[in-house]
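Below is the file input_34.txt, which contains compact mmCIF, N, CA and C atoms.
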# COMPACT_ATOMS: atom_id res chain seq x y z
N MET D 8 -20.81 38.74 -56.50
CA MET D 8 -20.00 37.59 -56.82
C MET D 8 -18.73 37.59 -55.98
N LEU D 9 -18.17 38.73 -55.77
CA LEU D 9 -16.96 38.86 -54.97
C LEU D 9 -17.23 38.45 -53.53
N GLU D 10 -18.41 38.82 -53.03
CA GLU D 10 -18.79 38.46 -51.66
C GLU D 10 -18.87 36.95 -51.51
N GLN D 11 -19.42 36.26 -52.47
CA GLN D 11 -19.55 34.82 -52.40
C GLN D 11 -18.18 34.15 -52.39
N GLN D 12 -17.24 34.68 -53.14
CA GLN D 12 -15.90 34.11 -53.16
C GLN D 12 -15.21 34.29 -51.80
N ILE D 13 -15.39 35.40 -51.16
CA ILE D 13 -14.79 35.65 -49.84
C ILE D 13 -15.39 34.70 -48.82
N ASP D 14 -16.73 34.52 -48.83
CA ASP D 14 -17.38 33.58 -47.92
C ASP D 14 -16.86 32.16 -48.17
N TYR D 15 -16.72 31.83 -49.42
CA TYR D 15 -16.31 30.48 -49.77
C TYR D 15 -14.88 30.21 -49.29
N ARG D 16 -14.02 31.20 -49.38
CA ARG D 16 -12.63 31.03 -48.97
C ARG D 16 -12.49 31.02 -47.45
N THR D 17 -13.25 31.78 -46.74
CA THR D 17 -13.12 31.83 -45.27
C THR D 17 -13.81 30.64 -44.61
N ARG D 18 -14.78 30.08 -45.27
CA ARG D 18 -15.52 28.96 -44.68
C ARG D 18 -14.61 27.75 -44.41
N PRO D 19 -13.77 27.30 -45.32
CA PRO D 19 -12.89 26.18 -45.02
C PRO D 19 -11.93 26.49 -43.87
N LYS D 20 -11.43 27.70 -43.79
CA LYS D 20 -10.54 28.07 -42.70
C LYS D 20 -11.27 27.99 -41.37
N THR D 21 -12.51 28.44 -41.33
CA THR D 21 -13.29 28.42 -40.11
C THR D 21 -13.60 26.99 -39.70
N SER D 22 -14.01 26.17 -40.63
CA SER D 22 -14.32 24.78 -40.28
C SER D 22 -13.05 24.03 -39.88
N ALA D 23 -11.92 24.34 -40.48
CA ALA D 23 -10.65 23.71 -40.09
C ALA D 23 -10.27 24.11 -38.67
N MET D 24 -10.52 25.36 -38.32
CA MET D 24 -10.23 25.83 -36.96
C MET D 24 -11.16 25.16 -35.95
N ILE D 25 -12.42 25.02 -36.36
CA ILE D 25 -13.38 24.36 -35.48
C ILE D 25 -12.98 22.90 -35.27
N MET D 26 -12.57 22.21 -36.31
CA MET D 26 -12.14 20.82 -36.18
C MET D 26 -10.89 20.71 -35.30
N LYS D 27 -9.95 21.62 -35.48
CA LYS D 27 -8.73 21.62 -34.67
C LYS D 27 -9.08 21.86 -33.21
N LEU D 28 -9.97 22.81 -32.94
CA LEU D 28 -10.41 23.10 -31.58
C LEU D 28 -11.15 21.90 -30.98
N PHE D 29 -11.96 21.22 -31.78
CA PHE D 29 -12.67 20.03 -31.32
C PHE D 29 -11.68 18.92 -30.96
N GLN D 30 -10.66 18.73 -31.79
CA GLN D 30 -9.66 17.69 -31.51
C GLN D 30 -8.90 18.00 -30.22
N ILE D 31 -8.50 19.23 -30.03
CA ILE D 31 -7.77 19.62 -28.82
C ILE D 31 -8.66 19.44 -27.60
N THR D 32 -9.91 19.84 -27.71
CA THR D 32 -10.86 19.69 -26.60
C THR D 32 -11.06 18.22 -26.27
N LEU D 33 -11.17 17.39 -27.28
CA LEU D 33 -11.36 15.96 -27.06
C LEU D 33 -10.14 15.34 -26.36
N VAL D 34 -8.94 15.72 -26.78
CA VAL D 34 -7.72 15.20 -26.15
C VAL D 34 -7.64 15.64 -24.69
N VAL D 35 -7.92 16.90 -24.43
CA VAL D 35 -7.90 17.41 -23.05
C VAL D 35 -8.94 16.71 -22.20
N LEU D 36 -10.12 16.49 -22.73
CA LEU D 36 -11.18 15.81 -22.01
C LEU D 36 -10.78 14.37 -21.67
N VAL D 37 -10.20 13.65 -22.63
CA VAL D 37 -9.75 12.28 -22.37
C VAL D 37 -8.66 12.26 -21.30
N LEU D 38 -7.72 13.20 -21.36
CA LEU D 38 -6.67 13.27 -20.33
C LEU D 38 -7.24 13.56 -18.95
N LEU D 39 -8.21 14.47 -18.87
CA LEU D 39 -8.82 14.79 -17.58
C LEU D 39 -9.59 13.59 -17.01
N ILE D 40 -10.30 12.88 -17.87
CA ILE D 40 -11.03 11.69 -17.41
C ILE D 40 -10.04 10.63 -16.93
N ASN D 41 -8.96 10.43 -17.68
CA ASN D 41 -7.94 9.46 -17.29
C ASN D 41 -7.30 9.86 -15.96
N LEU D 42 -7.03 11.13 -15.78
CA LEU D 42 -6.44 11.61 -14.54
C LEU D 42 -7.40 11.42 -13.37
N ALA D 43 -8.67 11.66 -13.60
CA ALA D 43 -9.66 11.49 -12.53
C ALA D 43 -9.78 10.02 -12.12
N ILE D 44 -9.65 9.12 -13.06
CA ILE D 44 -9.75 7.69 -12.75
C ILE D 44 -8.46 7.20 -12.12
N ALA D 45 -7.30 7.63 -12.62
CA ALA D 45 -6.02 7.14 -12.13
C ALA D 45 -5.57 7.82 -10.85
N PHE D 46 -6.07 8.99 -10.53
CA PHE D 46 -5.60 9.74 -9.37
C PHE D 46 -5.75 8.99 -8.05
N PRO D 47 -6.86 8.31 -7.78
CA PRO D 47 -6.94 7.58 -6.51
C PRO D 47 -5.88 6.50 -6.35
N SER D 48 -5.43 5.91 -7.45
CA SER D 48 -4.39 4.89 -7.33
C SER D 48 -3.03 5.51 -7.03
N TRP D 49 -2.84 6.79 -7.29
CA TRP D 49 -1.58 7.45 -6.97
C TRP D 49 -1.49 7.75 -5.49
N ALA D 50 -2.61 7.97 -4.86
CA ALA D 50 -2.62 8.39 -3.46
C ALA D 50 -2.25 7.20 -2.58
N GLU D 51 -1.06 7.26 -2.01
CA GLU D 51 -0.63 6.19 -1.11
C GLU D 51 -0.89 6.63 0.31
N THR D 52 -1.65 5.84 0.99
CA THR D 52 -1.87 6.12 2.41
C THR D 52 -1.16 5.03 3.19
N ALA D 53 -0.71 5.38 4.36
CA ALA D 53 -0.03 4.40 5.20
C ALA D 53 -1.04 3.36 5.64
N PRO D 54 -0.72 2.09 5.47
CA PRO D 54 -1.67 1.06 5.89
C PRO D 54 -1.85 1.09 7.40
N SER D 55 -3.05 0.89 7.84
CA SER D 55 -3.32 0.89 9.27
C SER D 55 -3.32 -0.54 9.78
N LEU D 56 -3.07 -0.69 11.06
CA LEU D 56 -3.02 -2.02 11.66
C LEU D 56 -4.38 -2.67 11.67
N THR D 57 -5.44 -1.88 11.67
CA THR D 57 -6.78 -2.47 11.70
C THR D 57 -7.17 -3.01 10.34
N SER D 58 -6.72 -2.38 9.26
CA SER D 58 -7.09 -2.84 7.94
C SER D 58 -6.15 -3.92 7.40
N ASN D 59 -4.89 -3.94 7.87
CA ASN D 59 -3.92 -4.91 7.38
C ASN D 59 -3.19 -5.53 8.57
N PRO D 60 -3.56 -6.74 8.97
CA PRO D 60 -2.94 -7.34 10.14
C PRO D 60 -1.48 -7.73 9.93
N ASN D 61 -1.01 -7.81 8.69
CA ASN D 61 0.38 -8.18 8.42
C ASN D 61 1.31 -6.98 8.33
N TYR D 62 0.82 -5.81 8.66
CA TYR D 62 1.63 -4.60 8.61
C TYR D 62 2.24 -4.37 9.98
N PHE D 63 3.55 -4.17 10.03
CA PHE D 63 4.23 -3.95 11.29
C PHE D 63 5.04 -2.67 11.23
N GLU D 64 5.27 -2.06 12.39
CA GLU D 64 6.06 -0.84 12.51
C GLU D 64 7.21 -1.11 13.47
N VAL D 65 8.31 -0.38 13.29
CA VAL D 65 9.43 -0.50 14.22
C VAL D 65 8.97 -0.01 15.59
N GLY D 66 9.28 -0.79 16.62
CA GLY D 66 8.88 -0.46 17.98
C GLY D 66 7.56 -1.07 18.40
N GLN D 67 6.87 -1.71 17.49
CA GLN D 67 5.56 -2.30 17.79
C GLN D 67 5.73 -3.58 18.60
N LYS D 68 4.88 -3.77 19.58
CA LYS D 68 4.87 -4.99 20.38
C LYS D 68 4.11 -6.07 19.61
N VAL D 69 4.72 -7.26 19.51
CA VAL D 69 4.13 -8.37 18.77
C VAL D 69 4.27 -9.66 19.58
N ILE D 70 3.58 -10.68 19.13
CA ILE D 70 3.71 -12.02 19.68
C ILE D 70 4.31 -12.91 18.60
N TRP D 71 5.43 -13.54 18.92
CA TRP D 71 6.11 -14.44 17.98
C TRP D 71 5.57 -15.84 18.20
N LEU D 72 5.02 -16.45 17.17
CA LEU D 72 4.50 -17.81 17.23
C LEU D 72 5.65 -18.75 16.87
N TYR D 73 6.39 -19.17 17.90
CA TYR D 73 7.63 -19.93 17.72
C TYR D 73 7.38 -21.42 17.84
N LYS D 74 7.90 -22.16 16.85
CA LYS D 74 7.86 -23.63 16.88
C LYS D 74 9.29 -24.11 17.10
N PRO D 75 9.54 -24.83 18.22
CA PRO D 75 10.90 -25.30 18.47
C PRO D 75 11.43 -26.22 17.37
N ARG D 76 10.54 -27.03 16.80
CA ARG D 76 10.91 -27.91 15.70
C ARG D 76 9.83 -27.81 14.62
N THR D 77 10.24 -27.98 13.39
CA THR D 77 9.27 -27.85 12.29
C THR D 77 8.23 -28.95 12.30
N ASP D 78 8.60 -30.15 12.80
CA ASP D 78 7.63 -31.25 12.82
C ASP D 78 6.78 -31.26 14.09
N SER D 79 7.00 -30.28 14.95
CA SER D 79 6.27 -30.20 16.21
C SER D 79 4.96 -29.44 16.04
N ASN D 80 3.96 -29.84 16.81
CA ASN D 80 2.69 -29.11 16.82
C ASN D 80 2.66 -28.07 17.93
N ASP D 81 3.66 -28.10 18.79
CA ASP D 81 3.74 -27.17 19.92
C ASP D 81 4.16 -25.79 19.43
N VAL D 82 3.32 -24.78 19.66
CA VAL D 82 3.63 -23.41 19.27
C VAL D 82 3.74 -22.57 20.53
N GLN D 83 4.89 -21.92 20.71
CA GLN D 83 5.10 -21.07 21.88
C GLN D 83 4.81 -19.64 21.48
N ARG D 84 4.12 -18.93 22.34
CA ARG D 84 3.77 -17.52 22.10
C ARG D 84 4.74 -16.67 22.89
N ILE D 85 5.68 -16.03 22.19
CA ILE D 85 6.75 -15.28 22.83
C ILE D 85 6.55 -13.79 22.55
N PRO D 86 6.47 -12.96 23.61
CA PRO D 86 6.36 -11.51 23.40
C PRO D 86 7.66 -10.96 22.82
N ALA D 87 7.53 -10.04 21.88
CA ALA D 87 8.70 -9.46 21.22
C ALA D 87 8.39 -8.03 20.78
N GLU D 88 9.41 -7.39 20.24
CA GLU D 88 9.27 -6.02 19.73
C GLU D 88 9.95 -5.94 18.37
N VAL D 89 9.32 -5.27 17.41
CA VAL D 89 9.86 -5.13 16.06
C VAL D 89 11.05 -4.17 16.09
N VAL D 90 12.18 -4.61 15.51
CA VAL D 90 13.40 -3.80 15.47
C VAL D 90 13.65 -3.26 14.07
N LYS D 91 13.57 -4.13 13.06
CA LYS D 91 13.82 -3.74 11.66
C LYS D 91 12.80 -4.42 10.75
N LEU D 92 12.61 -3.82 9.59
CA LEU D 92 11.70 -4.38 8.59
C LEU D 92 12.44 -4.56 7.28
N SER D 93 12.19 -5.67 6.62
CA SER D 93 12.69 -5.86 5.26
C SER D 93 11.51 -6.29 4.40
N SER D 94 11.76 -6.52 3.13
CA SER D 94 10.65 -6.86 2.24
C SER D 94 10.06 -8.24 2.53
N LYS D 95 10.89 -9.17 3.08
CA LYS D 95 10.39 -10.52 3.30
C LYS D 95 10.39 -10.94 4.76
N GLN D 96 11.17 -10.27 5.61
CA GLN D 96 11.26 -10.68 7.00
C GLN D 96 11.20 -9.48 7.93
N VAL D 97 10.97 -9.78 9.20
CA VAL D 97 10.90 -8.76 10.23
C VAL D 97 11.92 -9.15 11.31
N GLN D 98 12.75 -8.19 11.72
CA GLN D 98 13.67 -8.48 12.82
C GLN D 98 13.00 -8.08 14.12
N ILE D 99 12.99 -9.01 15.08
CA ILE D 99 12.36 -8.76 16.37
C ILE D 99 13.39 -8.88 17.48
N LYS D 100 13.08 -8.23 18.60
CA LYS D 100 13.90 -8.28 19.80
C LYS D 100 13.16 -9.13 20.81
N VAL D 101 13.85 -10.18 21.31
CA VAL D 101 13.23 -11.15 22.22
C VAL D 101 14.09 -11.26 23.47
N TYR D 102 13.44 -11.41 24.63
CA TYR D 102 14.16 -11.64 25.89
C TYR D 102 14.40 -13.14 26.07
N LYS D 103 15.65 -13.50 26.41
CA LYS D 103 15.95 -14.89 26.73
C LYS D 103 15.63 -15.12 28.21
N HIS D 104 15.81 -16.35 28.68
CA HIS D 104 15.51 -16.69 30.07
C HIS D 104 16.37 -15.90 31.06
N ASN D 105 17.60 -15.59 30.68
CA ASN D 105 18.49 -14.86 31.58
C ASN D 105 18.37 -13.34 31.40
N LYS D 106 17.24 -12.88 30.89
CA LYS D 106 16.93 -11.45 30.67
C LYS D 106 17.84 -10.78 29.64
N GLU D 107 18.52 -11.57 28.83
CA GLU D 107 19.37 -11.05 27.77
C GLU D 107 18.53 -10.86 26.51
N LEU D 108 18.78 -9.76 25.78
CA LEU D 108 18.05 -9.49 24.54
C LEU D 108 18.73 -10.17 23.35
N VAL D 109 17.92 -10.76 22.48
CA VAL D 109 18.41 -11.40 21.27
C VAL D 109 17.55 -10.92 20.11
N ASN D 110 18.19 -10.61 18.98
CA ASN D 110 17.47 -10.22 17.77
C ASN D 110 17.34 -11.43 16.86
N ARG D 111 16.15 -11.62 16.29
CA ARG D 111 15.88 -12.73 15.38
C ARG D 111 15.15 -12.21 14.15
N TRP D 112 15.53 -12.74 12.97
CA TRP D 112 14.78 -12.46 11.75
C TRP D 112 13.71 -13.52 11.61
N VAL D 113 12.46 -13.11 11.48
CA VAL D 113 11.36 -14.07 11.38
C VAL D 113 10.44 -13.70 10.23
N ASN D 114 9.68 -14.68 9.80
CA ASN D 114 8.67 -14.49 8.76
C ASN D 114 7.51 -13.70 9.37
N PRO D 115 7.01 -12.67 8.69
CA PRO D 115 5.89 -11.89 9.24
C PRO D 115 4.64 -12.74 9.51
N ASN D 116 4.50 -13.88 8.83
CA ASN D 116 3.35 -14.75 9.08
C ASN D 116 3.41 -15.41 10.45
N LYS D 117 4.59 -15.40 11.06
CA LYS D 117 4.77 -16.00 12.38
C LYS D 117 4.59 -14.98 13.50
N LEU D 118 4.10 -13.78 13.15
CA LEU D 118 3.91 -12.72 14.15
C LEU D 118 2.45 -12.34 14.25
N GLU D 119 2.05 -11.97 15.45
CA GLU D 119 0.71 -11.43 15.70
C GLU D 119 0.85 -10.08 16.35
N ASN D 120 -0.05 -9.20 16.06
CA ASN D 120 -0.09 -7.91 16.71
C ASN D 120 -0.51 -8.13 18.18
N SER D 121 0.32 -7.70 19.13
CA SER D 121 0.00 -7.96 20.53
C SER D 121 -1.26 -7.21 20.97
N GLN D 122 -1.56 -6.08 20.37
CA GLN D 122 -2.79 -5.34 20.69
C GLN D 122 -4.01 -6.16 20.30
N LYS D 123 -3.93 -6.80 19.14
CA LYS D 123 -5.03 -7.66 18.66
C LYS D 123 -5.23 -8.83 19.62
N VAL D 124 -4.12 -9.40 20.11
CA VAL D 124 -4.20 -10.53 21.03
C VAL D 124 -4.84 -10.08 22.34
N LYS D 125 -4.46 -8.91 22.85
CA LYS D 125 -5.04 -8.39 24.10
C LYS D 125 -6.54 -8.18 23.95
N GLU D 126 -6.96 -7.66 22.80
CA GLU D 126 -8.39 -7.44 22.58
C GLU D 126 -9.15 -8.76 22.53
N GLU D 127 -8.54 -9.80 21.95
CA GLU D 127 -9.20 -11.11 21.89
C GLU D 127 -9.39 -11.69 23.29
N TYR D 128 -8.40 -11.51 24.15
CA TYR D 128 -8.52 -12.03 25.52
C TYR D 128 -9.56 -11.25 26.32
N ARG D 129 -9.70 -9.97 26.04
CA ARG D 129 -10.73 -9.16 26.74
C ARG D 129 -12.12 -9.59 26.33
N ILE D 130 -12.29 -9.91 25.04
CA ILE D 130 -13.61 -10.30 24.54
C ILE D 130 -14.00 -11.65 25.11
N ASN D 131 -13.06 -12.60 25.13
CA ASN D 131 -13.36 -13.96 25.62
C ASN D 131 -13.33 -13.96 27.07
As structure tokens, the full file:
Amino acid sequence: MLEQQIDYRTRPKTSAMIMKLFQITLVVLVLLINLAIAFPSWAETAPSLTSNPNYFEVGQKVIWLYKPRTDSNDVQRIPAEVVKLSSKQVQIKVYKHNKELVNRWVNPNKLENSQKVKEEYRIN
């Protein structure tokens, strides 16, 4: 009879420990699965010019698609070089007619990668 009482008393402690261990294991497993899914989004790689044509680097040669007037259809293709980058605009260095350098802030949508342009001319 004494043996049965000892078994009876230790059994709840054992099952409580098993439940606690199961809960801890379940929490750790959920965290590991979440980490495995979220980890690729943490990895920031530098965007490449081939995958993102709107990505520019300081010193990169570009073509500025300049419109003398907003109502004009005439677009001039002016070679330039990227000087500074901001969140909304890109500062470029442009040569004037008298060989003087001028810096201009332009919309990145008005720029083309000059390497991409060279490749297009080679293909055509």
Review point. What does the distance from atom N of Ser93 (chain D) to CA of Ile70 (chain D) come to in Å, to one decimal?
Key: 16.8 Å
Exercise for review: Starting from the point (5.2, -18.9, 15.0), work out which residues of protein, DNA or RNA have an atom no more than 7 Å away when counting all atoms listed in the file; state them as a list in words.
Suggested key: Trp71, Leu72, Tyr73, Lys74, Val82, Gln83, Asn116, Lys117 and Leu118 of chain D
Selection to disk with N, CA and C atoms, as an mmCIF file, in the frame of the given file:
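Below you can see result28.cif, which holds the result:
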data_model
loop_
_atom_site.group_PDB
_atom_site.id
_atom_site.type_symbol
_atom_site.label_atom_id
_atom_site.label_comp_id
_atom_site.auth_asym_id
_atom_site.auth_seq_id
_atom_site.Cartn_x
_atom_site.Cartn_y
_atom_site.Cartn_z
ATOM 1 N N TRP D 71 5.430 -13.540 18.920
ATOM 2 C CA TRP D 71 6.110 -14.440 17.980
ATOM 3 C C TRP D 71 5.570 -15.840 18.200
ATOM 4 N N LEU D 72 5.020 -16.450 17.170
ATOM 5 C CA LEU D 72 4.500 -17.810 17.230
ATOM 6 C C LEU D 72 5.650 -18.750 16.870
ATOM 7 N N TYR D 73 6.390 -19.170 17.900
ATOM 8 C CA TYR D 73 7.630 -19.930 17.720
ATOM 9 C C TYR D 73 7.380 -21.420 17.840
ATOM 10 N N LYS D 74 7.900 -22.160 16.850
ATOM 11 C CA LYS D 74 7.860 -23.630 16.880
ATOM 12 C C LYS D 74 9.290 -24.110 17.100
ATOM 13 N N VAL D 82 3.320 -24.780 19.660
ATOM 14 C CA VAL D 82 3.630 -23.410 19.270
ATOM 15 C C VAL D 82 3.740 -22.570 20.530
ATOM 16 N N GLN D 83 4.890 -21.920 20.710
ATOM 17 C CA GLN D 83 5.100 -21.070 21.880
ATOM 18 C C GLN D 83 4.810 -19.640 21.480
ATOM 19 N N ASN D 116 4.500 -13.880 8.830
ATOM 20 C CA ASN D 116 3.350 -14.750 9.080
ATOM 21 C C ASN D 116 3.410 -15.410 10.450
ATOM 22 N N LYS D 117 4.590 -15.400 11.060
ATOM 23 C CA LYS D 117 4.770 -16.000 12.380
ATOM 24 C C LYS D 117 4.590 -14.980 13.500
ATOM 25 N N LEU D 118 4.100 -13.780 13.150
ATOM 26 C CA LEU D 118 3.910 -12.720 14.150
ATOM 27 C C LEU D 118 2.450 -12.340 14.250
#
Could you give me the centre and size, in Å to one decimal, of an axis-aligned box around all listed atoms of region 27-45 of chain D with 3 Å added on every side, as lines of an AutoDock Vina configuration file?
center_x = -9.1
center_y = 15.1
center_z = -23.2
size_x = 13.1
size_y = 22.0
size_z = 30.6
Check your understanding: Between D:Thr32, D:Gln98, D:Ser22, D:Thr77, which one has atoms that come closest to Arg111 (chain D), using all atoms listed in the file?
Key -> D:Gln98
Exercise for review: Enumerate as a count of residues only all residues of region 32-119 of chain D assigned to strand (DSSP E or B) by DSSP on the backbone, naming them with the chain letters and numbers the document uses.
Suggested key: 30
Point to revise | Atomic separation - atom N of Phe63 (chain D) relative to atom N of Gln96 (chain D), Å | key: 10.7 Å
Check your understanding: as a count of residues only, which residues of region 40-119 of chain D does DSSP assign to alpha helix (DSSP H)?
Key -> 10
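One finds atom N of Lys68 (chain D) at 11.2 Å from atom N of Val101 (chain D).
The shortest atom-to-atom distance to Pro115 (chain D), with only N, CA and C atoms taken into account, belongs to D:Val97 out of D:Lys20, D:Tyr102, D:Lys91, D:Val97.
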Study note, to complete from the structure: Nearest to Val90 (chain D), restricted to only C-alpha atoms and choosing among D:Glu64, D:Leu108, D:Lys103, D:Arg76, comes out as D:Glu64
